[in-house]
>>> print(open('my_file00.cif').read())   # mmCIF, C-alpha atoms
data_protein
#
loop_
_atom_site.label_atom_id
_atom_site.label_comp_id
_atom_site.auth_asym_id
_atom_site.auth_seq_id
_atom_site.Cartn_x
_atom_site.Cartn_y
_atom_site.Cartn_z
CA MET S 1 0.00 0.00 0.00
CA GLN S 2 2.84 2.37 0.84
CA HIS S 3 4.56 1.59 -2.44
CA LYS S 4 1.38 2.34 -4.39
CA ASN S 5 0.90 5.62 -2.53
CA CYS S 6 4.53 6.55 -3.22
CA ARG S 7 4.13 5.96 -6.96
CA HIS S 8 1.00 8.14 -7.11
CA ILE S 9 2.88 10.98 -5.45
CA ILE S 10 5.91 10.63 -7.73
CA THR S 11 3.68 10.57 -10.81
CA ALA S 12 2.02 13.78 -9.68
CA LEU S 13 5.36 15.47 -9.00
CA LEU S 14 6.73 14.44 -12.39
CA ALA S 15 3.64 15.79 -14.09
CA LEU S 16 4.07 19.08 -12.26
CA THR S 17 7.71 19.27 -13.29
CA LEU S 18 6.74 18.77 -16.94
CA LEU S 19 4.27 21.62 -16.65
CA ALA S 20 7.15 23.94 -15.76
CA GLY S 21 7.96 24.26 -19.44
CA CYS S 22 4.43 25.37 -20.41
CA GLU S 23 4.49 29.09 -21.13
CA LYS S 24 0.82 29.61 -20.25
CA ILE S 25 0.63 27.74 -16.97
CA PHE S 26 0.00 30.97 -14.96
CA MET S 27 -0.37 33.41 -17.88
CA PRO S 28 -3.54 35.50 -18.43
CA ARG S 29 -4.31 36.15 -22.09
CA ASP S 30 -4.93 39.89 -21.71
CA ALA S 31 -1.83 40.74 -19.67
CA GLU S 32 -0.01 43.90 -20.77
CA ALA S 33 3.61 43.60 -21.85
CA THR S 34 4.90 46.84 -20.29
CA PRO S 35 7.79 46.77 -17.80
CA THR S 36 5.49 47.79 -14.93
CA ALA S 37 2.96 45.08 -15.82
CA THR S 38 5.75 42.53 -16.15
CA PHE S 39 7.24 43.42 -12.76
CA ASP S 40 3.85 43.39 -11.04
CA TYR S 41 2.92 40.08 -12.62
CA LEU S 42 6.10 38.28 -11.54
CA TRP S 43 5.95 39.73 -8.03
CA GLN S 44 2.33 38.63 -7.62
CA GLN S 45 2.90 35.14 -9.04
CA ILE S 46 5.73 34.55 -6.58
CA ASP S 47 3.72 36.14 -3.76
CA GLU S 48 0.76 33.81 -4.28
CA ARG S 49 2.43 30.58 -5.37
CA TYR S 50 5.99 30.44 -3.99
CA SER S 51 6.23 27.87 -1.19
CA LEU S 52 9.22 28.85 0.94
CA PHE S 53 8.84 32.39 2.28
CA ASP S 54 9.01 31.19 5.89
CA VAL S 55 12.10 29.06 5.22
CA LYS S 56 13.85 31.88 3.34
CA GLU S 57 12.79 34.50 5.93
CA VAL S 58 12.11 37.08 3.23
CA ASP S 59 9.68 40.01 3.59
CA TRP S 60 8.24 39.92 0.07
CA ASN S 61 6.24 43.13 0.51
CA ALA S 62 9.43 44.94 1.49
CA VAL S 63 11.13 43.63 -1.64
CA ARG S 64 8.35 45.12 -3.76
CA ASP S 65 8.43 48.43 -1.89
CA SER S 66 12.17 48.68 -2.51
CA LEU S 67 12.23 47.82 -6.21
CA ARG S 68 8.85 48.84 -7.68
CA PRO S 69 9.62 52.62 -7.69
CA ARG S 70 12.57 51.93 -9.99
CA VAL S 71 10.35 50.42 -12.71
CA TYR S 72 8.80 52.58 -15.46
CA ASP S 73 7.37 51.79 -18.86
CA GLU S 74 10.06 53.56 -20.89
CA MET S 75 12.94 51.60 -19.34
CA SER S 76 15.10 49.28 -21.45
CA ASP S 77 14.86 45.50 -21.39
CA ASP S 78 18.35 45.35 -19.89
CA SER S 79 17.33 47.60 -17.01
CA LEU S 80 14.11 45.70 -16.36
CA PHE S 81 15.91 42.37 -16.41
CA ALA S 82 18.46 43.68 -13.88
CA ILE S 83 15.67 44.67 -11.48
CA LEU S 84 13.84 41.35 -11.85
CA LYS S 85 17.11 39.56 -11.24
CA LYS S 86 17.67 41.58 -8.08
CA MET S 87 14.14 40.73 -6.95
CA ILE S 88 14.51 36.96 -7.32
CA ASN S 89 18.00 36.98 -5.80
CA THR S 90 16.52 38.08 -2.48
CA LEU S 91 15.17 34.52 -2.19
CA ASP S 92 18.59 32.79 -2.51
CA ASP S 93 16.84 29.91 -4.26
CA GLY S 94 18.33 27.96 -7.16
CA HIS S 95 14.85 26.99 -8.35
CA VAL S 96 13.84 30.64 -8.90
CA ASP S 97 14.86 31.73 -12.41
CA ILE S 98 13.93 34.09 -15.22
CA TRP S 99 15.14 33.74 -18.78
CA GLY S 100 14.58 34.90 -22.33
CA ASN S 101 16.55 35.79 -25.45
CA LEU S 102 18.29 38.53 -23.45
CA ASP S 103 19.80 36.67 -20.51
CA ILE S 104 19.30 34.06 -17.80
CA ALA S 105 19.05 34.98 -14.12
CA SER S 106 19.25 32.55 -11.22
CA SER S 107 20.49 32.57 -7.64
CA GLU S 108 23.92 34.12 -7.31
CA GLN S 109 24.25 32.71 -3.79
CA ILE S 110 23.73 29.13 -4.94
CA TYR S 111 26.29 29.65 -7.71
CA LEU S 112 28.86 31.08 -5.31
CA GLN S 113 28.48 28.40 -2.66
CA ARG S 114 28.78 25.67 -5.30
CA TYR S 115 32.16 26.83 -6.52
CA ALA S 116 33.55 28.62 -3.45
CA ASN S 117 32.83 25.62 -1.21
CA SER S 118 33.55 22.81 -3.65
CA ASN S 119 34.55 19.58 -1.92
CA PHE S 120 35.71 17.92 -5.11
CA ASP S 121 38.78 17.93 -7.36
CA LEU S 122 38.06 16.41 -10.78
CA ASN S 123 41.69 15.85 -11.79
CA THR S 124 42.49 13.93 -8.62
CA VAL S 125 39.45 11.69 -9.05
CA ALA S 126 39.99 11.16 -12.79
CA LEU S 127 43.68 10.34 -12.52
CA ASN S 128 43.88 8.35 -9.28
CA TYR S 129 40.46 6.79 -8.67
CA LEU S 130 38.65 6.37 -11.98
CA ARG S 131 41.98 6.06 -13.82
CA ALA S 132 42.49 5.52 -17.55
CA ASP S 133 41.04 1.99 -17.43
CA HIS S 134 37.67 3.08 -16.01
CA HIS S 135 34.31 1.92 -17.36
CA THR S 136 31.24 3.90 -18.43
CA THR S 137 27.72 2.46 -18.37
CA GLY S 138 25.00 4.99 -19.11
CA GLY S 139 25.66 7.97 -16.86
CA LEU S 140 27.75 5.92 -14.42
CA VAL S 141 31.56 6.11 -14.56
CA TYR S 142 33.33 3.61 -12.31
CA ASN S 143 36.31 1.49 -11.31
CA SER S 144 37.53 -0.53 -8.36
CA ILE S 145 39.62 1.14 -5.64
CA ALA S 146 41.29 0.08 -2.39
CA GLY S 147 43.10 -2.81 -4.02
CA GLY S 148 39.98 -3.98 -5.83
CA GLN S 149 37.93 -4.31 -2.63
CA VAL S 150 35.62 -1.30 -3.13
CA LEU S 151 33.54 -0.16 -6.13
CA TYR S 152 33.80 3.56 -6.81
CA ILE S 153 31.02 5.11 -8.96
CA ARG S 154 30.98 8.71 -10.14
CA TYR S 155 27.54 10.09 -11.05
CA SER S 156 27.84 13.71 -12.17
CA SER S 157 24.23 14.55 -13.09
CA PHE S 158 20.78 13.11 -12.46
CA SER S 159 20.03 14.06 -16.06
CA ASN S 160 22.32 11.21 -17.15
CA PRO S 161 20.92 7.65 -17.48
CA ALA S 162 20.94 5.62 -14.26
CA SER S 163 18.39 2.87 -14.65
CA THR S 164 18.06 -0.05 -12.26
CA ALA S 165 19.33 -2.35 -15.01
CA LEU S 166 22.43 -0.20 -15.55
CA MET S 167 23.23 -0.35 -11.84
CA GLN S 168 22.78 -4.11 -11.82
CA THR S 169 25.27 -4.34 -14.69
CA VAL S 170 27.82 -2.24 -12.83
CA ILE S 171 27.44 -4.13 -9.55
CA GLY S 172 27.58 -7.45 -11.36
CA ARG S 173 31.05 -6.65 -12.64
CA TYR S 174 32.40 -6.51 -9.07
CA PRO S 175 30.76 -9.39 -7.18
CA ASP S 176 33.52 -9.46 -4.54
CA ALA S 177 33.40 -5.73 -3.73
CA LYS S 178 32.77 -5.13 -0.04
CA GLY S 179 30.78 -1.98 -0.70
CA ILE S 180 30.13 1.01 -2.95
CA VAL S 181 31.34 4.60 -2.80
CA PHE S 182 28.76 6.56 -4.81
CA ASP S 183 30.04 10.05 -5.60
CA ILE S 184 27.51 12.80 -6.48
CA ARG S 185 29.62 15.80 -5.47
CA GLN S 186 28.95 18.80 -7.75
CA ASN S 187 25.83 17.06 -9.11
CA GLY S 188 23.33 19.84 -9.83
CA GLY S 189 20.28 17.57 -10.11
CA GLY S 190 18.16 16.39 -13.01
CA GLU S 191 15.50 13.71 -13.41
CA ILE S 192 13.55 12.57 -10.35
CA GLN S 193 13.03 9.12 -11.87
CA ASN S 194 16.75 8.37 -11.71
CA GLU S 195 16.61 8.71 -7.92
CA TRP S 196 13.99 5.96 -7.78
CA ASN S 197 15.86 3.77 -10.22
CA LEU S 198 18.88 3.84 -7.92
CA MET S 199 16.90 3.36 -4.72
CA ALA S 200 15.20 0.28 -6.17
CA LEU S 201 18.48 -1.59 -5.52
CA LEU S 202 18.79 -0.62 -1.85
CA PRO S 203 17.13 -2.63 0.94
CA SER S 204 13.53 -1.48 1.23
CA GLN S 205 11.70 -1.86 4.52
CA GLY S 206 8.83 0.41 3.52
CA GLN S 207 10.56 3.19 5.45
CA LEU S 208 9.42 6.82 5.33
CA LEU S 209 11.71 8.92 3.12
CA TYR S 210 10.07 12.34 3.47
CA SER S 211 6.73 14.14 3.46
CA THR S 212 5.62 16.70 0.89
CA GLN S 213 3.07 19.51 0.62
CA MET S 214 1.93 21.47 -2.43
CA LYS S 215 1.06 25.16 -2.40
CA ALA S 216 -2.73 25.34 -2.46
CA GLY S 217 -3.73 29.01 -2.32
CA PRO S 218 -2.56 32.64 -2.39
CA ALA S 219 -1.69 33.04 1.30
CA HIS S 220 1.96 32.32 2.17
CA ASP S 221 0.90 29.59 4.59
CA ASP S 222 -1.80 28.05 2.38
CA PHE S 223 -0.74 24.43 1.67
CA GLY S 224 -2.46 21.18 0.80
CA PRO S 225 -2.29 18.09 3.00
CA LEU S 226 1.07 16.62 4.00
CA LYS S 227 1.64 13.39 2.07
CA GLN S 228 4.15 10.73 3.09
CA VAL S 229 6.56 9.23 0.56
CA TYR S 230 7.98 5.76 1.29
CA ALA S 231 10.89 3.73 -0.02
CA PRO S 232 10.10 1.88 -3.24
CA ASP S 233 9.98 -1.88 -2.93
CA ASN S 234 12.71 -3.92 -4.57
CA GLY S 235 10.39 -5.90 -6.82
CA ASP S 236 12.42 -8.62 -8.53
CA ASN S 237 15.71 -6.87 -7.79
CA GLU S 238 18.24 -8.34 -5.39
CA PRO S 239 18.84 -5.52 -2.88
CA PHE S 240 22.40 -4.32 -2.40
CA ALA S 241 22.77 -4.72 1.37
CA LYS S 242 26.51 -4.13 1.63
CA PRO S 243 27.81 -0.75 2.88
CA PHE S 244 26.95 2.11 0.54
CA VAL S 245 28.62 5.49 1.11
CA LEU S 246 27.15 8.54 -0.65
CA LEU S 247 29.54 11.49 -1.14
CA THR S 248 28.00 14.98 -1.15
CA ASP S 249 29.06 18.62 -1.17
CA ARG S 250 27.64 22.13 -1.61
CA GLY S 251 27.40 21.52 -5.35
CA CYS S 252 24.62 18.94 -4.85
CA TYR S 253 21.30 20.58 -5.69
CA SER S 254 17.69 19.66 -6.44
CA ALA S 255 17.46 15.92 -7.25
CA ALA S 256 20.94 15.38 -5.78
CA SER S 257 19.80 16.88 -2.46
CA SER S 258 16.59 14.89 -2.56
CA PHE S 259 18.58 11.71 -3.17
CA ALA S 260 20.81 12.44 -0.17
CA LEU S 261 17.75 13.04 2.01
CA CYS S 262 16.12 9.79 0.88
CA LEU S 263 19.24 7.67 1.36
CA LYS S 264 19.56 8.76 4.99
CA SER S 265 16.59 6.45 5.65
CA TYR S 266 18.39 3.32 4.40
CA PRO S 267 20.15 1.19 7.04
CA ASN S 268 23.22 0.35 4.94
CA VAL S 269 23.87 3.93 3.71
CA THR S 270 26.21 6.56 5.14
CA VAL S 271 26.14 10.08 3.69
CA MET S 272 29.64 11.59 3.86
CA GLY S 273 31.26 14.87 2.87
CA ASP S 274 29.61 18.27 3.19
CA THR S 275 26.05 19.60 3.42
CA THR S 276 24.24 19.76 0.09
CA ALA S 277 23.03 23.02 -1.45
CA GLY S 278 19.35 22.19 -0.91
CA GLY S 279 16.68 22.79 -3.53
CA LEU S 280 14.08 20.24 -2.40
CA ALA S 281 11.04 22.10 -3.75
CA ILE S 282 9.38 21.11 -7.02
CA PRO S 283 9.57 24.05 -9.48
CA ALA S 284 6.81 25.22 -11.83
CA GLY S 285 6.47 28.33 -13.93
CA GLY S 286 5.30 29.99 -17.11
CA ALA S 287 5.64 33.14 -19.22
CA LEU S 288 5.78 36.79 -18.21
CA PRO S 289 3.67 39.38 -20.09
CA ASN S 290 6.68 40.43 -22.19
CA GLY S 291 7.45 36.84 -23.23
CA TRP S 292 10.28 36.05 -20.79
CA ASN S 293 9.95 32.84 -18.79
CA TYR S 294 10.11 32.15 -15.07
CA ARG S 295 9.91 29.35 -12.54
CA PHE S 296 9.90 28.94 -8.76
CA GLY S 297 9.23 26.28 -6.12
CA VAL S 298 5.61 25.35 -5.39
CA SER S 299 6.10 22.56 -2.85
CA ARG S 300 7.83 21.93 0.45
CA THR S 301 9.60 18.83 1.75
CA VAL S 302 9.82 17.70 5.36
CA ALA S 303 12.31 15.04 6.50
CA PRO S 304 11.29 12.19 8.81
CA ASP S 305 12.83 14.17 11.70
CA GLY S 306 10.36 17.01 11.01
CA ILE S 307 12.96 19.42 9.58
CA ASN S 308 12.79 21.21 6.24
CA TYR S 309 16.28 20.87 4.73
CA GLU S 310 15.66 23.32 1.88
CA HIS S 311 18.95 25.05 2.74
CA GLY S 312 20.88 21.77 2.52
CA VAL S 313 20.90 18.15 3.69
CA PRO S 314 23.68 17.54 6.23
CA PRO S 315 25.90 14.45 5.92
CA ASP S 316 26.07 11.73 8.54
CA GLN S 317 29.83 12.23 8.64
CA VAL S 318 31.44 15.58 7.78
CA VAL S 319 34.68 15.16 5.83
CA ARG S 320 36.15 18.08 3.88
CA LEU S 321 38.64 17.83 1.09
CA SER S 322 42.20 18.42 2.30
CA PRO S 323 44.46 20.56 0.08
CA ASP S 324 47.43 18.52 1.36
CA ALA S 325 45.74 15.31 0.24
CA VAL S 326 45.01 16.77 -3.20
CA ALA S 327 48.62 17.91 -3.51
CA ALA S 328 49.64 14.31 -2.87
CA GLY S 329 47.19 13.02 -5.50
CA ARG S 330 44.65 11.77 -2.96
CA ASP S 331 41.02 12.49 -2.19
CA ASN S 332 40.71 12.05 1.57
CA ILE S 333 36.90 11.89 1.33
CA ILE S 334 36.97 8.87 -1.00
CA ASP S 335 39.71 7.32 1.15
CA SER S 336 37.58 7.84 4.30
CA ALA S 337 34.57 6.25 2.60
CA ALA S 338 36.62 3.25 1.48
CA ALA S 339 38.05 2.83 4.98
CA LEU S 340 34.52 2.94 6.44
CA ILE S 341 33.49 0.13 4.10
CA LEU S 342 36.58 -2.01 4.78
CA ASN S 343 36.21 -1.59 8.55
CA HIS S 344 32.48 -2.37 8.51
#
>>> encode(input="my_file00.cif", output="structure tokens")
Amino acid sequence: MQHKNCRHIITALLALTLLAGCEKIFMPRDAEATPTATFDYLWQQIDERYSLFDVKEVDWNAVRDSLRPRVYDEMSDDSLFAILKKMINTLDDGHVDIWGNLDIASSEQIYLQRYANSNFDLNTVALNYLRADHHTTGGLVYNSIAGGQVLYIRYSSFSNPASTALMQTVIGRYPDAKGIVFDIRQNGGGEIQNEWNLMALLPSQGQLLYSTQMKAGPAHDDFGPLKQVYAPDNGDNEPFAKPFVLLTDRGCYSAASSFALCLKSYPNVTVMGDTTAGGLAIPAGGALPNGWNYRFGVSRTVAPDGINYEHGVPPDQVVRLSPDAVAAGRDNIIDSAAALILNH
């Protein structure tokens, strides 16, 4: 019953995500295309449908009062875009964007924390862990480490293929591996379905993964009922019950953060590294009166412990990349994960 309920929720969320690309989802036919109308329309859409004002601690009326006097109908597109960008940046939310043929605007804070607080060095991983003899299956790049005793898998984007069958192929190549280090550092998210494909191989006990609410009305606190989402059952798949260490950092956003949150409910999983960048809300959007596009989060996610980790999912074990280790050609986070598996 839990599995069936989970699938209904996921289907609804996927449908909502697909709607994000529809230009008329929130768009009235008779809207004016002036800069003032465009500003007012975007401000109101966010005011009535954005789901995280309490989490972001933003006074949205104050944002309007500050920026609206600077908007006038004779202003250039460049100037209007700059003001809209400033408006959405007050939310510090990587799922709040505007774009058109002129430019793309998204959260500067999310961008800065991804690169300023990176816990990942690609050259070190490519040269000393994946190595030249690595394998690639779908979106999974992998090789054995720790003298062949541990399987290391690098998954850089949830937009890349990661079906259950692909994972079974990868695991089947290393039947004697004592565990898996699954590296999603700097993974900015992608397809929700890939999360579920990967979880289908982990031991399911029908455990609660998180609860979700959809925005249901114009008031900032107007939400629909809280719905529980449970671990998918394994079906005909043999669950991977050996130690599984997930590596995260501040570059993990959206589906990558959601995956980290879900995996914390599995008994054989340890999340290691740094806190993710968050982004647990489902985004939806449409078109502005002048033809530019926008999106923002319209849901909220609550962990089994009752906390909303929209600002980032913390690891079970904090391990930060050591410059001294990198200088020596090592990634101390991968080494710590391998040691955890070997000492299990």
>>> closest_residue(input="my_file00.cif", among="S:Leu246, S:Ala105, S:Ala37, S:Ile333", to="Asn119 of chain S", atoms="all atoms listed in the file")
S:Ile333
>>> closest_residue(input="my_file00.cif", among="S:Leu209, S:Gly190, S:Asn197, S:Phe120", to="Leu321 of chain S", atoms="only C-alpha atoms")
S:Phe120
>>> closest_residue(input="my_file00.cif", among="S:Ala281, S:Leu166, S:Ala231, S:Ala241", to="Lys264 of chain S", atoms="all atoms listed in the file")
S:Ala231
>>> atom_distance(input="my_file00.cif", atom1="atom CA of Ser157 of chain S", atom2="atom CA of Gly189 of chain S")
5.8 Å
>>> closest_residue(input="my_file00.cif", among="S:Thr169, S:Phe158, S:Asn332, S:Thr270", to="Ser257 of chain S", atoms="only C-alpha atoms")
S:Phe158
>>> residues_around(input="my_file00.cif", residues="segment 49-53 of chain S", least_positions_apart="5", cutoff="10 Å", atoms="all atoms listed in the file", output="PyMOL selection string")
chain S and resi 26+44+58-60+91+93+96+213-223+281-285+295-300+308+310
>>> residues_around(input="my_file00.cif", residues="Ser163 of chain S", least_positions_apart="4", cutoff="7 Å", atoms="only C-alpha atoms", output="list in words")
Met167, Asn194, Asn197 and Leu198 of chain S
>>> residues_near_point(input="my_file00.cif", point="(21.6, 8.8, -17.9)", cutoff="6 Å", atoms="all atoms listed in the file", output="PyMOL selection string")
chain S and resi 138-139+159-162
>>> closest_residue(input="my_file00.cif", among="S:Pro243, S:Pro323, S:Gly291, S:Gly224", to="Leu340 of chain S", atoms="only C-alpha atoms")
S:Pro243
>>> closest_atom_pairs(input="my_file00.cif", of="segment 251-303 of chain S", to="segment 78-81 of chain S", cutoff="12 Å", atoms="all atoms listed in the file", output="tab-separated table")
residue	atom	partner	partner_atom	distance
S:Leu288	CA	S:Phe81	CA	11.7
S:Asn290	CA	S:Leu80	CA	10.8
S:Trp292	CA	S:Phe81	CA	9.5
S:Asn293	CA	S:Phe81	CA	11.5
S:Tyr294	CA	S:Phe81	CA	11.8
